[in-house]
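What follows is a set of notes on a single structure, which appears directly below.
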Amino acid sequence: MSGYLPVVMFAALILAFGVVSLAVARLLRPSRPDSVKLMNYECGAEPIGSAWVQFPAGFYLVALVFILFDTLAVFLFPWALILRSAGMTAFWVVAAFVGIVGLGWLYAYREGVLEWK
Amino acid sequence: MTHLIVAFVLLNAIILVVAYITLLERKFAARMQSRIGPYYVGWPHGWLQPIADALKLMLKEDVVPTLSDRWVYNLAPLVFLLPCMLIFATIPFAPGLGLADLNIGVLFFLAVSALEIVGLFMGGWGSNNKYALLSAMRAVNQIISYDLPFIFAALVPVVLAGSMQMSAIVVAQQGLFGWFVFYPGIGQLAFLAYVIATIAAENRVPFDILEAESELVAGFRVEYSGMKFALIQLGEYAHLVGTSFLGALLFLGGWLGPGPTWLGPLWFLLKAVLVFLLVTWVRWSFVRIRVDQILAISWKLLLPATVILLLATGFVVAAGFGRGA
């Protein structure tokens, strides 16, 4: 796992850069808040209510199909690595698997899940 | 300790390249529209414009709306910046010149790059602004639609090279017309799918419904100002540049090119800039498409096409028609 140490260091440096630049900006910038300035932007009119209201997220069924294919992708990563040595057997196994997932995709298509409503 | 120095140099190099690539984009866009673009700051041709922009944003007042969720709102730029810049960690810029050439490099890149949506949604939700929230919802929709074609297109070179280590993928592309973009049939289609998925995943025109100046003003960052806005912009461009580098590495042979070895990183940069300019060219040529069209392109065309393309690549490699690893 030692190969990941530089990655962790890099992540820490990125965060440090962000925090330091925000801190420096805090020292340099003016700060003159007033109630109109701190109002939420809504094209100049006074905002009507909060934005945190219930509204339909039209794509939650698409999100389920996404999980289906994301699972497929998880299996395809190791498959991509061993394909050369494992040969045609590995190919046909995964082709059948993709075929089954593809049936799921076809079902979603026929049910109209992939349409925007 | 050496790792820390390398990481520090890499961070600064990314910030420099990203700063000047914004200037390049503005000049390029200006040329396409018969304008001159930035000119007077750092005469001639605005060489100091990115630095002036950064200084200006640093001196701007930071407005936090009273109604916002302060913690989420203030943390969002950092959460957004982290994955956007961390994707550079596994990219080798020449043989042995890189931070960490992990053996799962491509997987690491894809996994980290998709995390940007967390910071983006935090910004959209924390602002308590209707435009920002709508934009964040659209962004989630778009990310889950275009991440899959992106992954499958990026897997094609992995199958061809038989490795997820980025340096091994470059080494596999050596030789005349060895770049994977020249691989007959498969390479060109995969590169096309990669570029389309990149434009969509980066939320650029014609897939910029989450920004949509005419309806959502500036999208999820409408309430941000000053340095927080600068960090979000930096992250967004860093993500695009990182994806361009990955495209250059997977399809255009990375650091490979004529001339001595030390030219390698310059070749790599040149190819990444070419991919970036391709995306920019599309951006300034097309109009925004509707949300139902965006969904249809991804789920009904790009996703099945990339899966079939990946299977075809797998068949070619498994049957032994591919080049030796």
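Chain lettering (A, B, ...) mirrors the order of the structure tokens, residue numbering begins at 1 for each chain separately, and ligand numbering begins at 1 in order of display.
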Distance-based interface of chain B with chain A, 7 Å, counting only C-alpha atoms, as a PyMOL selection string: chain B and resi 3-4+7+58-61+63-66+78+82+86+89+99-100+102+128-130+141+144+148+158-159+162-163+223+227+292+299+311+314-315+317-319
Near-Gly46 in chain B list (12 Å; only C-alpha atoms; drop same-chain fewer than 2 positions) as JSON, numbers by chain: {"B": [20, 22, 23, 24, 26, 27, 36, 37, 38, 39, 40, 41, 42, 43, 44, 48, 49, 50, 51, 52, 53]}
d(CA of Gln174 in chain B, CA of Phe75 in chain A) in Å: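 Taking CA of Gln174 in chain B as the start and CA of Phe75 in chain A as the end point, the length is 28.5 Å.
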Which of range 227-277 of chain B DSSP labels helix (DSSP H, G or I), written as a PyMOL selection string: chain B and resi 227-251+261-277
CA of Leu11 in chain B to CA of Trp179 in chain B, distance in Å rounded to a single decimal: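 One can read the CA of Leu11 in chain B to CA of Trp179 in chain B distance as 28.2 Å.
CA of Phe93 in chain B to CA of Val205 in chain B spans 28.9 Å [interatomic distance, one decimal].
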